[in-house]
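Listing of entry.pdb, PDB, C-alpha atoms, pLDDT in the B column
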ATOM      1  CA  LYS P  12       0.000   0.000   0.000  1.00 53.00           C
ATOM      2  CA  SER P  13       1.044   3.585  -0.489  1.00 58.00           C
ATOM      3  CA  ASN P  14       2.205   5.538   2.526  1.00 60.00           C
ATOM      4  CA  GLU P  15      -0.920   7.718   2.322  1.00 60.00           C
ATOM      5  CA  ALA P  16      -3.197   4.648   2.312  1.00 61.00           C
ATOM      6  CA  TYR P  17      -1.325   3.239   5.296  1.00 54.00           C
ATOM      7  CA  TYR P  18      -1.722   6.477   7.201  1.00 54.00           C
ATOM      8  CA  GLN P  19      -5.434   6.770   6.492  1.00 57.00           C
ATOM      9  CA  GLU P  20      -6.298   3.130   7.143  1.00 57.00           C
ATOM     10  CA  ALA P  21      -3.858   2.112   9.874  1.00 53.00           C
ATOM     11  CA  LEU P  22      -3.279   5.250  11.904  1.00 58.00           C
ATOM     12  CA  VAL P  23      -6.368   7.409  11.534  1.00 58.00           C
ATOM     13  CA  ASP P  24      -8.924   5.495  13.561  1.00 61.00           C
ATOM     14  CA  LYS P  25     -12.458   6.706  12.905  1.00 64.00           C
ATOM     15  CA  ASP P  26     -13.813   4.597  15.794  1.00 73.00           C
ATOM     16  CA  TRP P  27     -11.654   6.247  18.437  1.00 70.00           C
ATOM     17  CA  GLN P  28     -14.536   7.438  20.646  1.00 77.00           C
ATOM     18  CA  GLN P  29     -16.248   4.056  20.758  1.00 78.00           C
ATOM     19  CA  ARG P  30     -12.910   2.401  21.495  1.00 69.00           C
ATOM     20  CA  GLN P  31     -12.107   4.797  24.352  1.00 76.00           C
ATOM     21  CA  GLU P  32     -15.592   4.436  25.857  1.00 73.00           C
ATOM     22  CA  SER P  33     -15.366   0.642  25.691  1.00 71.00           C
ATOM     23  CA  TYR P  34     -11.926   0.595  27.325  1.00 61.00           C
ATOM     24  CA  LEU P  35     -12.979   2.876  30.176  1.00 64.00           C
ATOM     25  CA  LYS P  36     -16.128   0.860  30.795  1.00 73.00           C
ATOM     26  CA  LYS P  37     -14.353  -2.505  30.907  1.00 65.00           C
ATOM     27  CA  SER P  38     -11.234  -1.609  32.898  1.00 65.00           C
ATOM     28  CA  GLU P  39     -10.641  -0.129  36.341  1.00 66.00           C
ATOM     29  CA  PHE P  40      -7.724   2.183  36.987  1.00 60.00           C
ATOM     30  CA  GLY P  41      -5.067   0.376  39.027  1.00 63.00           C
ATOM     31  CA  GLY P  42      -2.849   3.232  40.203  1.00 66.00           C
ATOM     32  CA  LEU P  43       0.654   4.424  39.324  1.00 70.00           C
ATOM     33  CA  ALA P  44       2.549   1.823  41.400  1.00 64.00           C
ATOM     34  CA  GLY P  45       5.121   2.712  44.100  1.00 62.00           C
ATOM     35  CA  LYS P  46       6.235   6.245  44.855  1.00 62.00           C
ATOM     36  CA  HIS P  47       9.697   5.748  43.320  1.00 68.00           C
ATOM     37  CA  PHE P  48       8.356   4.044  40.202  1.00 69.00           C
ATOM     38  CA  ALA P  49       8.047   7.171  38.053  1.00 68.00           C
ATOM     39  CA  ARG P  50      11.599   8.363  38.656  1.00 68.00           C
ATOM     40  CA  SER P  51      12.936   4.842  38.088  1.00 71.00           C
ATOM     41  CA  MET P  52      11.311   4.806  34.634  1.00 66.00           C
ATOM     42  CA  ARG P  53      13.581   7.694  33.610  1.00 65.00           C
ATOM     43  CA  SER P  54      16.540   5.366  33.265  1.00 68.00           C
ATOM     44  CA  LEU P  55      14.810   3.039  30.799  1.00 66.00           C
ATOM     45  CA  GLY P  56      14.880   2.987  27.062  1.00 69.00           C
ATOM     46  CA  TYR P  57      15.748   6.389  25.587  1.00 85.00           C
ATOM     47  CA  LYS P  58      19.155   7.330  24.265  1.00 86.00           C
ATOM     48  CA  GLU P  59      18.297  11.031  24.065  1.00 90.00           C
ATOM     49  CA  MET P  60      15.445  13.527  24.243  1.00 93.00           C
ATOM     50  CA  GLY P  61      14.648  13.260  20.536  1.00 93.00           C
ATOM     51  CA  ASN P  62      13.846   9.572  20.867  1.00 92.00           C
ATOM     52  CA  ALA P  63      11.522  10.303  23.783  1.00 94.00           C
ATOM     53  CA  VAL P  64       9.718  13.081  21.906  1.00 96.00           C
ATOM     54  CA  ASN P  65       9.101  10.657  19.033  1.00 94.00           C
ATOM     55  CA  GLU P  66       6.759   8.764  21.366  1.00 93.00           C
ATOM     56  CA  LEU P  67       4.617  11.873  21.730  1.00 96.00           C
ATOM     57  CA  VAL P  68       4.644  12.494  17.981  1.00 96.00           C
ATOM     58  CA  ASP P  69       3.430   8.909  17.488  1.00 92.00           C
ATOM     59  CA  ASN P  70       0.422   9.663  19.703  1.00 92.00           C
ATOM     60  CA  SER P  71      -0.398  12.761  17.672  1.00 93.00           C
ATOM     61  CA  LEU P  72      -0.218  10.811  14.420  1.00 92.00           C
ATOM     62  CA  GLU P  73      -2.515   8.144  15.850  1.00 88.00           C
ATOM     63  CA  SER P  74      -5.074  10.809  16.748  1.00 89.00           C
ATOM     64  CA  GLY P  75      -5.427  11.789  13.096  1.00 89.00           C
ATOM     65  CA  ALA P  76      -3.724  15.172  13.497  1.00 92.00           C
ATOM     66  CA  SER P  77      -3.040  17.152  10.342  1.00 92.00           C
ATOM     67  CA  GLU P  78      -0.577  19.416  12.148  1.00 95.00           C
ATOM     68  CA  ILE P  79       1.708  19.035  15.167  1.00 97.00           C
ATOM     69  CA  ARG P  80       3.581  21.901  16.842  1.00 97.00           C
ATOM     70  CA  ILE P  81       6.563  21.429  19.157  1.00 98.00           C
ATOM     71  CA  ARG P  82       8.617  24.031  20.973  1.00 96.00           C
ATOM     72  CA  MET P  83      10.542  24.869  24.091  1.00 95.00           C
ATOM     73  CA  HIS P  84       8.933  27.639  26.114  1.00 93.00           C
ATOM     74  CA  SER P  85      11.135  30.030  28.002  1.00 83.00           C
ATOM     75  CA  GLU P  86      11.459  33.673  28.894  1.00 68.00           C
ATOM     76  CA  GLU P  87      13.775  35.548  26.565  1.00 63.00           C
ATOM     77  CA  GLY P  88      17.408  34.940  27.395  1.00 59.00           C
ATOM     78  CA  LYS P  89      16.668  32.225  29.924  1.00 70.00           C
ATOM     79  CA  SER P  90      17.009  28.455  29.817  1.00 78.00           C
ATOM     80  CA  PRO P  91      13.962  26.532  28.551  1.00 82.00           C
ATOM     81  CA  ASN P  92      11.576  25.650  31.369  1.00 90.00           C
ATOM     82  CA  VAL P  93       8.644  23.956  29.616  1.00 96.00           C
ATOM     83  CA  PHE P  94       8.407  21.569  26.672  1.00 97.00           C
ATOM     84  CA  PHE P  95       5.247  21.929  24.540  1.00 98.00           C
ATOM     85  CA  ILE P  96       3.664  19.630  21.976  1.00 98.00           C
ATOM     86  CA  GLY P  97       0.193  20.265  20.599  1.00 98.00           C
ATOM     87  CA  ASP P  98      -1.868  18.650  17.855  1.00 96.00           C
ATOM     88  CA  ASN P  99      -5.300  19.010  16.245  1.00 95.00           C
ATOM     89  CA  GLY P 100      -6.191  15.314  16.433  1.00 93.00           C
ATOM     90  CA  HIS P 101      -9.481  13.946  17.731  1.00 93.00           C
ATOM     91  CA  GLY P 102      -8.601  14.442  21.391  1.00 95.00           C
ATOM     92  CA  MET P 103      -9.536  12.271  24.382  1.00 94.00           C
ATOM     93  CA  LEU P 104     -12.540  11.767  26.603  1.00 95.00           C
ATOM     94  CA  PRO P 105     -12.067  13.253  30.118  1.00 95.00           C
ATOM     95  CA  GLU P 106     -11.376   9.966  31.923  1.00 94.00           C
ATOM     96  CA  MET P 107      -9.044   8.911  29.117  1.00 92.00           C
ATOM     97  CA  VAL P 108      -6.979  12.053  29.769  1.00 95.00           C
ATOM     98  CA  HIS P 109      -6.436  10.750  33.315  1.00 94.00           C
ATOM     99  CA  ARG P 110      -5.563   7.242  32.141  1.00 92.00           C
ATOM    100  CA  ALA P 111      -3.162   8.532  29.479  1.00 92.00           C
ATOM    101  CA  CYS P 112      -0.890   9.896  32.214  1.00 92.00           C
ATOM    102  CA  ALA P 113      -0.391   6.460  33.766  1.00 90.00           C
ATOM    103  CA  TRP P 114       1.798   3.540  32.670  1.00 85.00           C
ATOM    104  CA  GLY P 115       0.072   0.572  31.057  1.00 69.00           C
ATOM    105  CA  GLU P 116      -3.195   2.426  30.385  1.00 54.00           C
ATOM    106  CA  SER P 117      -4.148   2.313  26.718  1.00 62.00           C
ATOM    107  CA  ASP P 118      -7.271   1.730  24.670  1.00 50.00           C
ATOM    108  CA  ARG P 119      -4.979   0.310  21.964  1.00 53.00           C
ATOM    109  CA  HIS P 120      -3.609  -2.677  23.897  1.00 46.00           C
ATOM    110  CA  PHE P 121      -1.869  -5.112  21.521  1.00 45.00           C
ATOM    111  CA  SER P 122      -3.203  -3.228  18.498  1.00 47.00           C
ATOM    112  CA  THR P 123      -1.598  -4.114  15.176  1.00 46.00           C
ATOM    113  CA  ARG P 124      -3.003  -1.019  13.458  1.00 50.00           C
ATOM    114  CA  SER P 125      -0.677   1.646  14.744  1.00 51.00           C
ATOM    115  CA  PHE P 126       2.391   2.549  16.826  1.00 53.00           C
ATOM    116  CA  GLY P 127       1.093   2.364  20.395  1.00 48.00           C
ATOM    117  CA  LYS P 128       0.250  -0.972  21.994  1.00 50.00           C
ATOM    118  CA  PHE P 129       1.036  -0.921  25.701  1.00 47.00           C
ATOM    119  CA  GLY P 130       0.381   2.549  27.131  1.00 48.00           C
ATOM    120  CA  PHE P 131       3.969   3.239  28.202  1.00 73.00           C
ATOM    121  CA  GLY P 132       5.049   5.824  25.619  1.00 78.00           C
ATOM    122  CA  LEU P 133       3.632   9.091  26.951  1.00 93.00           C
ATOM    123  CA  PRO P 134       4.556   8.813  30.650  1.00 91.00           C
ATOM    124  CA  SER P 135       7.933   7.192  29.984  1.00 90.00           C
ATOM    125  CA  ALA P 136       8.851   9.862  27.441  1.00 93.00           C
ATOM    126  CA  CYS P 137       7.827  12.730  29.700  1.00 94.00           C
ATOM    127  CA  VAL P 138       9.667  11.600  32.843  1.00 92.00           C
ATOM    128  CA  PHE P 139      12.811  11.077  30.780  1.00 92.00           C
ATOM    129  CA  PHE P 140      13.313  14.838  30.600  1.00 91.00           C
ATOM    130  CA  GLY P 141      10.981  16.324  33.227  1.00 94.00           C
ATOM    131  CA  ASP P 142       9.598  15.777  36.741  1.00 93.00           C
ATOM    132  CA  ARG P 143       6.100  17.003  35.945  1.00 96.00           C
ATOM    133  CA  TYR P 144       3.895  16.422  32.911  1.00 96.00           C
ATOM    134  CA  THR P 145       0.378  17.641  32.184  1.00 98.00           C
ATOM    135  CA  VAL P 146      -1.992  16.420  29.482  1.00 98.00           C
ATOM    136  CA  TYR P 147      -4.768  18.706  28.229  1.00 98.00           C
ATOM    137  CA  SER P 148      -7.240  17.351  25.712  1.00 97.00           C
ATOM    138  CA  LYS P 149     -10.500  18.384  24.080  1.00 97.00           C
ATOM    139  CA  THR P 150     -12.844  16.520  21.761  1.00 96.00           C
ATOM    140  CA  LYS P 151     -14.848  18.425  19.175  1.00 93.00           C
ATOM    141  CA  ALA P 152     -18.024  18.260  21.292  1.00 91.00           C
ATOM    142  CA  GLY P 153     -16.296  18.601  24.672  1.00 95.00           C
ATOM    143  CA  GLU P 154     -14.320  20.990  26.858  1.00 97.00           C
ATOM    144  CA  TRP P 155     -10.658  21.075  27.843  1.00 98.00           C
ATOM    145  CA  ASN P 156      -9.777  18.575  30.564  1.00 98.00           C
ATOM    146  CA  ARG P 157      -6.404  18.071  32.172  1.00 98.00           C
ATOM    147  CA  ALA P 158      -4.520  15.573  34.299  1.00 97.00           C
ATOM    148  CA  PHE P 159      -0.961  15.714  35.573  1.00 97.00           C
ATOM    149  CA  VAL P 160       1.763  13.692  37.292  1.00 95.00           C
ATOM    150  CA  ASP P 161       4.426  15.315  39.458  1.00 95.00           C
ATOM    151  CA  ILE P 162       7.255  13.081  40.658  1.00 92.00           C
ATOM    152  CA  GLU P 163       8.164  15.374  43.545  1.00 92.00           C
ATOM    153  CA  LEU P 164       4.579  15.388  44.831  1.00 92.00           C
ATOM    154  CA  ILE P 165       4.470  11.580  44.667  1.00 90.00           C
ATOM    155  CA  GLU P 166       7.699  11.232  46.630  1.00 89.00           C
ATOM    156  CA  ASP P 167       6.310  13.635  49.256  1.00 90.00           C
ATOM    157  CA  GLY P 168       3.266  11.382  49.718  1.00 90.00           C
ATOM    158  CA  GLY P 169       0.895  13.294  47.464  1.00 90.00           C
ATOM    159  CA  LEU P 170      -1.273  12.442  44.442  1.00 90.00           C
ATOM    160  CA  LEU P 171      -3.342   9.824  46.260  1.00 88.00           C
ATOM    161  CA  ASP P 172      -6.863   9.017  45.097  1.00 87.00           C
ATOM    162  CA  LYS P 173      -9.844   8.109  47.308  1.00 87.00           C
ATOM    163  CA  LYS P 174      -8.611   4.516  47.522  1.00 87.00           C
ATOM    164  CA  GLY P 175      -5.156   5.565  48.673  1.00 86.00           C
ATOM    165  CA  ARG P 176      -3.521   4.714  45.349  1.00 86.00           C
ATOM    166  CA  ILE P 177      -0.937   6.940  43.695  1.00 87.00           C
ATOM    167  CA  SER P 178      -2.820   8.467  40.789  1.00 92.00           C
ATOM    168  CA  PRO P 179      -2.540  11.276  38.238  1.00 94.00           C
ATOM    169  CA  ASP P 180      -4.373  14.389  39.400  1.00 95.00           C
ATOM    170  CA  GLY P 181      -7.572  14.755  37.349  1.00 91.00           C
ATOM    171  CA  PRO P 182      -9.401  14.694  35.133  1.00 96.00           C
ATOM    172  CA  LYS P 183     -10.375  18.293  35.774  1.00 97.00           C
ATOM    173  CA  LEU P 184     -12.093  20.867  33.594  1.00 98.00           C
ATOM    174  CA  GLU P 185      -9.279  23.324  32.947  1.00 98.00           C
ATOM    175  CA  LYS P 186      -7.973  25.229  29.949  1.00 97.00           C
ATOM    176  CA  PRO P 187      -4.262  25.142  29.106  1.00 97.00           C
ATOM    177  CA  PRO P 188      -2.163  28.161  30.134  1.00 96.00           C
ATOM    178  CA  LYS P 189      -2.633  31.276  27.998  1.00 95.00           C
ATOM    179  CA  TRP P 190       0.789  30.990  26.373  1.00 95.00           C
ATOM    180  CA  ALA P 191       0.154  27.330  25.482  1.00 96.00           C
ATOM    181  CA  MET P 192      -3.197  28.219  23.920  1.00 96.00           C
ATOM    182  CA  GLU P 193      -1.458  30.864  21.836  1.00 94.00           C
ATOM    183  CA  TYR P 194       0.805  28.147  20.425  1.00 94.00           C
ATOM    184  CA  PHE P 195      -2.121  25.757  19.983  1.00 96.00           C
ATOM    185  CA  ASN P 196      -4.235  28.325  18.146  1.00 95.00           C
ATOM    186  CA  GLN P 197      -1.497  28.652  15.545  1.00 94.00           C
ATOM    187  CA  LEU P 198      -2.384  25.151  14.352  1.00 93.00           C
ATOM    188  CA  GLU P 199      -3.922  25.131  10.909  1.00 87.00           C
ATOM    189  CA  GLY P 200      -7.125  23.194  10.285  1.00 74.00           C
ATOM    190  CA  ASP P 201      -9.636  22.242  12.957  1.00 74.00           C
ATOM    191  CA  SER P 202      -8.646  23.818  16.282  1.00 77.00           C
ATOM    192  CA  SER P 203     -11.901  22.847  18.028  1.00 91.00           C
ATOM    193  CA  GLN P 204     -10.260  19.609  19.170  1.00 95.00           C
ATOM    194  CA  GLY P 205      -6.820  18.359  20.039  1.00 96.00           C
ATOM    195  CA  THR P 206      -4.286  17.559  22.724  1.00 97.00           C
ATOM    196  CA  ILE P 207      -1.492  19.470  24.439  1.00 98.00           C
ATOM    197  CA  VAL P 208       1.270  17.885  26.518  1.00 98.00           C
ATOM    198  CA  LEU P 209       3.442  20.094  28.725  1.00 98.00           C
ATOM    199  CA  VAL P 210       6.583  18.814  30.445  1.00 97.00           C
ATOM    200  CA  GLU P 211       7.939  20.952  33.297  1.00 95.00           C
ATOM    201  CA  LYS P 212      10.652  20.792  35.961  1.00 94.00           C
ATOM    202  CA  LEU P 213      12.984  19.808  33.164  1.00 93.00           C
ATOM    203  CA  ASN P 214      15.941  17.505  33.659  1.00 90.00           C
ATOM    204  CA  VAL P 215      18.747  19.596  32.154  1.00 84.00           C
ATOM    205  CA  ASN P 216      21.026  16.572  31.726  1.00 85.00           C
ATOM    206  CA  ASN P 217      18.611  15.062  29.184  1.00 87.00           C
ATOM    207  CA  LEU P 218      17.836  18.253  27.219  1.00 86.00           C
ATOM    208  CA  GLN P 219      20.998  18.204  25.044  1.00 74.00           C
ATOM    209  CA  SER P 220      21.475  21.936  25.761  1.00 82.00           C
ATOM    210  CA  SER P 221      20.435  24.797  28.047  1.00 82.00           C
ATOM    211  CA  LYS P 222      19.360  26.887  25.018  1.00 87.00           C
ATOM    212  CA  SER P 223      15.883  26.527  23.523  1.00 89.00           C
ATOM    213  CA  SER P 224      17.141  27.074  19.975  1.00 90.00           C
ATOM    214  CA  THR P 225      19.715  24.292  20.301  1.00 91.00           C
ATOM    215  CA  VAL P 226      17.191  21.843  21.770  1.00 93.00           C
ATOM    216  CA  GLU P 227      14.696  22.648  19.009  1.00 95.00           C
ATOM    217  CA  LYS P 228      17.359  22.197  16.317  1.00 94.00           C
ATOM    218  CA  HIS P 229      18.193  18.781  17.747  1.00 94.00           C
ATOM    219  CA  LEU P 230      14.525  17.749  17.832  1.00 96.00           C
ATOM    220  CA  ALA P 231      13.996  18.984  14.267  1.00 97.00           C
ATOM    221  CA  GLU P 232      16.844  16.779  13.018  1.00 96.00           C
ATOM    222  CA  ILE P 233      15.554  13.673  14.810  1.00 96.00           C
ATOM    223  CA  ILE P 234      11.953  14.224  13.696  1.00 97.00           C
ATOM    224  CA  GLY P 235      13.005  14.928  10.113  1.00 97.00           C
ATOM    225  CA  ILE P 236      14.706  11.547   9.969  1.00 96.00           C
ATOM    226  CA  THR P 237      12.143   9.491  11.902  1.00 95.00           C
ATOM    227  CA  TYR P 238       9.050  10.831  10.130  1.00 94.00           C
ATOM    228  CA  ARG P 239      10.514  11.529   6.681  1.00 94.00           C
ATOM    229  CA  ASN P 240       7.820   9.349   5.062  1.00 91.00           C
ATOM    230  CA  PHE P 241       4.966  11.131   6.836  1.00 91.00           C
ATOM    231  CA  LEU P 242       5.876  14.772   6.336  1.00 94.00           C
ATOM    232  CA  ASN P 243       4.013  15.034   3.029  1.00 90.00           C
ATOM    233  CA  LEU P 244       0.837  14.015   4.898  1.00 89.00           C
ATOM    234  CA  VAL P 245       1.213  15.667   8.302  1.00 94.00           C
ATOM    235  CA  LYS P 246       2.768  19.050   8.981  1.00 96.00           C
ATOM    236  CA  ILE P 247       5.168  19.040  11.947  1.00 97.00           C
ATOM    237  CA  LEU P 248       6.680  22.301  13.152  1.00 98.00           C
ATOM    238  CA  VAL P 249       9.455  22.690  15.703  1.00 97.00           C
ATOM    239  CA  GLY P 250      10.000  26.188  17.050  1.00 95.00           C
ATOM    240  CA  GLY P 251       7.632  27.519  14.402  1.00 95.00           C
ATOM    241  CA  VAL P 252       9.615  26.034  11.497  1.00 96.00           C
ATOM    242  CA  ALA P 253       8.096  23.286   9.335  1.00 97.00           C
ATOM    243  CA  ILE P 254      10.212  20.122   9.341  1.00 97.00           C
ATOM    244  CA  GLN P 255      11.460  18.786   6.022  1.00 95.00           C
ATOM    245  CA  PRO P 256      12.354  15.129   5.382  1.00 94.00           C
TER     246      PRO P 256
END
Output the file's structure as structure tokens, nothing else.
Amino acid sequence: KSNEAYYQEALVDKDWQQRQESYLKKSEFGGLAGKHFARSMRSLGYKEMGNAVNELVDNSLESGASEIRIRMHSEEGKSPNVFFIGDNGHGMLPEMVHRACAWGESDRHFSTRSFGKFGFGLPSACVFFGDRYTVYSKTKAGEWNRAFVDIELIEDGGLLDKKGRISPDGPKLEKPPKWAMEYFNQLEGDSSQGTIVLVEKLNVNNLQSSKSSTVEKHLAEIIGITYRNFLNLVKILVGGVAIQP
């Protein structure tokens, strides 16, 4: 099959809402495991930040996004303090936003249709280069909901749900920060739906550099190689610049 046919048939799942609803109905959230689990996951799997960010790009592709924007947010002249990725894909139901922050939670378990199969990509990628990550998502008919995980809060005995389990905070009706919405609203196409992931309390050792421009250049190179066969179908911008194969 052509690459375009593969993308449309394998990645863009038109039954995403029914699949998410079915998963949430059939499965009960089991918690985030022990309080040192999240930080321990940082040492697994990724050679560098670019490889971790690819996991988040995979999720955006699976959501049917036509455009993905990535950038480091920082005050002028200062080191980057927040990583941003936003897409205009179909978004997630509120409870799915909460589940997406946890390891092993996925409505695509063992799927052969797309990239994700086990629900480890998003949280593992985020903790590789930050101690706090927040997921905001909105479906076309819904409102913005968010959930977050903060490693420091977990280690201090926080983020416990009503059953005493370590759990992402949320889902909660909440719009992304103003600056993040400004980035998101630059997306072309349908901006009435989509997902934003913010990674904060960044781990400088895994950023490749203390300068936003250098980090973005590195990410652009990795993404241009990894997704060279998709860039004629999906527009990916890093730091406001469209990535070329």
When the PyMOL selection byres ((chain P and resi 135) around 8) is applied to the file above, which residues end up in the set, as a PDB file with C-alpha atoms, in the coordinates of the input?
ATOM      1  CA  MET P  52      11.311   4.806  34.634  1.00 66.00           C
ATOM      2  CA  ARG P  53      13.581   7.694  33.610  1.00 65.00           C
ATOM      3  CA  ALA P  63      11.522  10.303  23.783  1.00 94.00           C
ATOM      4  CA  TRP P 114       1.798   3.540  32.670  1.00 85.00           C
ATOM      5  CA  PHE P 131       3.969   3.239  28.202  1.00 73.00           C
ATOM      6  CA  GLY P 132       5.049   5.824  25.619  1.00 78.00           C
ATOM      7  CA  LEU P 133       3.632   9.091  26.951  1.00 93.00           C
ATOM      8  CA  PRO P 134       4.556   8.813  30.650  1.00 91.00           C
ATOM      9  CA  ALA P 136       8.851   9.862  27.441  1.00 93.00           C
ATOM     10  CA  CYS P 137       7.827  12.730  29.700  1.00 94.00           C
ATOM     11  CA  VAL P 138       9.667  11.600  32.843  1.00 92.00           C
ATOM     12  CA  PHE P 139      12.811  11.077  30.780  1.00 92.00           C
TER      13      PHE P 139
END
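Considering the residues P:Leu170, P:Ala111, P:Leu104, P:Leu242 and counting all atoms listed in the file, Glu154 (chain P) has its shortest atom-to-atom contact with P:Leu104.
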Selection as an NGL selection string: residues within 7 Å of (-8.3, 14.5, 35.3), counting all atoms listed in the file: :P and (105-106 or 108-109 or 156-158 or 180-183)
Keeping only C-alpha atoms, write the selected residues as a PDB file, in the frame of the given file.
ATOM      1  CA  PRO P 105     -12.067  13.253  30.118  1.00 95.00           C
ATOM      2  CA  GLU P 106     -11.376   9.966  31.923  1.00 94.00           C
ATOM      3  CA  VAL P 108      -6.979  12.053  29.769  1.00 95.00           C
ATOM      4  CA  HIS P 109      -6.436  10.750  33.315  1.00 94.00           C
ATOM      5  CA  ASN P 156      -9.777  18.575  30.564  1.00 98.00           C
ATOM      6  CA  ARG P 157      -6.404  18.071  32.172  1.00 98.00           C
ATOM      7  CA  ALA P 158      -4.520  15.573  34.299  1.00 97.00           C
ATOM      8  CA  ASP P 180      -4.373  14.389  39.400  1.00 95.00           C
ATOM      9  CA  GLY P 181      -7.572  14.755  37.349  1.00 91.00           C
ATOM     10  CA  PRO P 182      -9.401  14.694  35.133  1.00 96.00           C
ATOM     11  CA  LYS P 183     -10.375  18.293  35.774  1.00 97.00           C
TER      12      LYS P 183
END
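Considering all atoms listed in the file, the residue among P:Cys112, P:Ile162, P:Val64, P:Ile254 positioned nearest to Phe241 (chain P) is P:Ile254.
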Using only C-alpha atoms, what table do you get, as JSON lines, when you list each residue of region 142-231 of chain P with an atom no more than 10 Å from region 80-100 of chain P, its nearest pair of atoms, and their distance in Å rounded to one decimal, rows by chain then rising number?
{"residue": "P:Arg143", "atom": "CA", "partner": "P:Val93", "partner_atom": "CA", "distance": 9.7}
{"residue": "P:Tyr144", "atom": "CA", "partner": "P:Phe94", "partner_atom": "CA", "distance": 9.3}
{"residue": "P:Val146", "atom": "CA", "partner": "P:Gly97", "partner_atom": "CA", "distance": 9.9}
{"residue": "P:Tyr147", "atom": "CA", "partner": "P:Gly97", "partner_atom": "CA", "distance": 9.2}
{"residue": "P:Ser148", "atom": "CA", "partner": "P:Gly97", "partner_atom": "CA", "distance": 9.5}
{"residue": "P:Lys149", "atom": "CA", "partner": "P:Gly100", "partner_atom": "CA", "distance": 9.3}
{"residue": "P:Thr150", "atom": "CA", "partner": "P:Gly100", "partner_atom": "CA", "distance": 8.6}
{"residue": "P:Lys151", "atom": "CA", "partner": "P:Gly100", "partner_atom": "CA", "distance": 9.6}
{"residue": "P:Trp190", "atom": "CA", "partner": "P:His84", "partner_atom": "CA", "distance": 8.8}
{"residue": "P:Ala191", "atom": "CA", "partner": "P:Phe95", "partner_atom": "CA", "distance": 7.5}
{"residue": "P:Met192", "atom": "CA", "partner": "P:Gly97", "partner_atom": "CA", "distance": 9.3}
{"residue": "P:Tyr194", "atom": "CA", "partner": "P:Arg80", "partner_atom": "CA", "distance": 7.7}
{"residue": "P:Phe195", "atom": "CA", "partner": "P:Gly97", "partner_atom": "CA", "distance": 6.0}
{"residue": "P:Asn196", "atom": "CA", "partner": "P:Gly97", "partner_atom": "CA", "distance": 9.5}
{"residue": "P:Gln197", "atom": "CA", "partner": "P:Arg80", "partner_atom": "CA", "distance": 8.5}
{"residue": "P:Leu198", "atom": "CA", "partner": "P:Asn99", "partner_atom": "CA", "distance": 7.1}
{"residue": "P:Glu199", "atom": "CA", "partner": "P:Asn99", "partner_atom": "CA", "distance": 8.2}
{"residue": "P:Gly200", "atom": "CA", "partner": "P:Asn99", "partner_atom": "CA", "distance": 7.5}
{"residue": "P:Asp201", "atom": "CA", "partner": "P:Asn99", "partner_atom": "CA", "distance": 6.3}
{"residue": "P:Ser202", "atom": "CA", "partner": "P:Asn99", "partner_atom": "CA", "distance": 5.9}
{"residue": "P:Ser203", "atom": "CA", "partner": "P:Asn99", "partner_atom": "CA", "distance": 7.8}
{"residue": "P:Gln204", "atom": "CA", "partner": "P:Asn99", "partner_atom": "CA", "distance": 5.8}
{"residue": "P:Gly205", "atom": "CA", "partner": "P:Asn99", "partner_atom": "CA", "distance": 4.1}
{"residue": "P:Thr206", "atom": "CA", "partner": "P:Asp98", "partner_atom": "CA", "distance": 5.5}
{"residue": "P:Ile207", "atom": "CA", "partner": "P:Gly97", "partner_atom": "CA", "distance": 4.3}
{"residue": "P:Val208", "atom": "CA", "partner": "P:Ile96", "partner_atom": "CA", "distance": 5.4}
{"residue": "P:Leu209", "atom": "CA", "partner": "P:Phe95", "partner_atom": "CA", "distance": 4.9}
{"residue": "P:Val210", "atom": "CA", "partner": "P:Phe94", "partner_atom": "CA", "distance": 5.0}
{"residue": "P:Glu211", "atom": "CA", "partner": "P:Val93", "partner_atom": "CA", "distance": 4.8}
{"residue": "P:Lys212", "atom": "CA", "partner": "P:Asn92", "partner_atom": "CA", "distance": 6.7}
{"residue": "P:Leu213", "atom": "CA", "partner": "P:Asn92", "partner_atom": "CA", "distance": 6.3}
{"residue": "P:Asn214", "atom": "CA", "partner": "P:Asn92", "partner_atom": "CA", "distance": 9.5}
{"residue": "P:Val215", "atom": "CA", "partner": "P:Pro91", "partner_atom": "CA", "distance": 9.2}
{"residue": "P:Leu218", "atom": "CA", "partner": "P:Pro91", "partner_atom": "CA", "distance": 9.2}
{"residue": "P:Ser220", "atom": "CA", "partner": "P:Ser90", "partner_atom": "CA", "distance": 8.9}
{"residue": "P:Ser221", "atom": "CA", "partner": "P:Ser90", "partner_atom": "CA", "distance": 5.3}
{"residue": "P:Lys222", "atom": "CA", "partner": "P:Ser90", "partner_atom": "CA", "distance": 5.6}
{"residue": "P:Ser223", "atom": "CA", "partner": "P:Pro91", "partner_atom": "CA", "distance": 5.4}
{"residue": "P:Ser224", "atom": "CA", "partner": "P:Met83", "partner_atom": "CA", "distance": 8.1}
{"residue": "P:Thr225", "atom": "CA", "partner": "P:Met83", "partner_atom": "CA", "distance": 9.9}
{"residue": "P:Val226", "atom": "CA", "partner": "P:Met83", "partner_atom": "CA", "distance": 7.7}
{"residue": "P:Glu227", "atom": "CA", "partner": "P:Arg82", "partner_atom": "CA", "distance": 6.5}
{"residue": "P:Leu230", "atom": "CA", "partner": "P:Ile81", "partner_atom": "CA", "distance": 8.9}
{"residue": "P:Ala231", "atom": "CA", "partner": "P:Ile81", "partner_atom": "CA", "distance": 9.2}
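You will find CA of Leu248 (chain P) at 17.1 Å from CA of Glu73 (chain P).
Shortest separation to Ser77 (chain P) among P:Gly250, P:Ile177, P:Val245, P:Asn217 occurs at residue P:Val245, atoms counted being only C-alpha atoms.
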Distance in Å - CA of Gln219 (chain P) versus CA of Gly251 (chain P): 19.5 Å
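The interatomic distance for the pair CA of Ile234 (chain P) and CA of Lys58 (chain P) works out to 14.5 Å.
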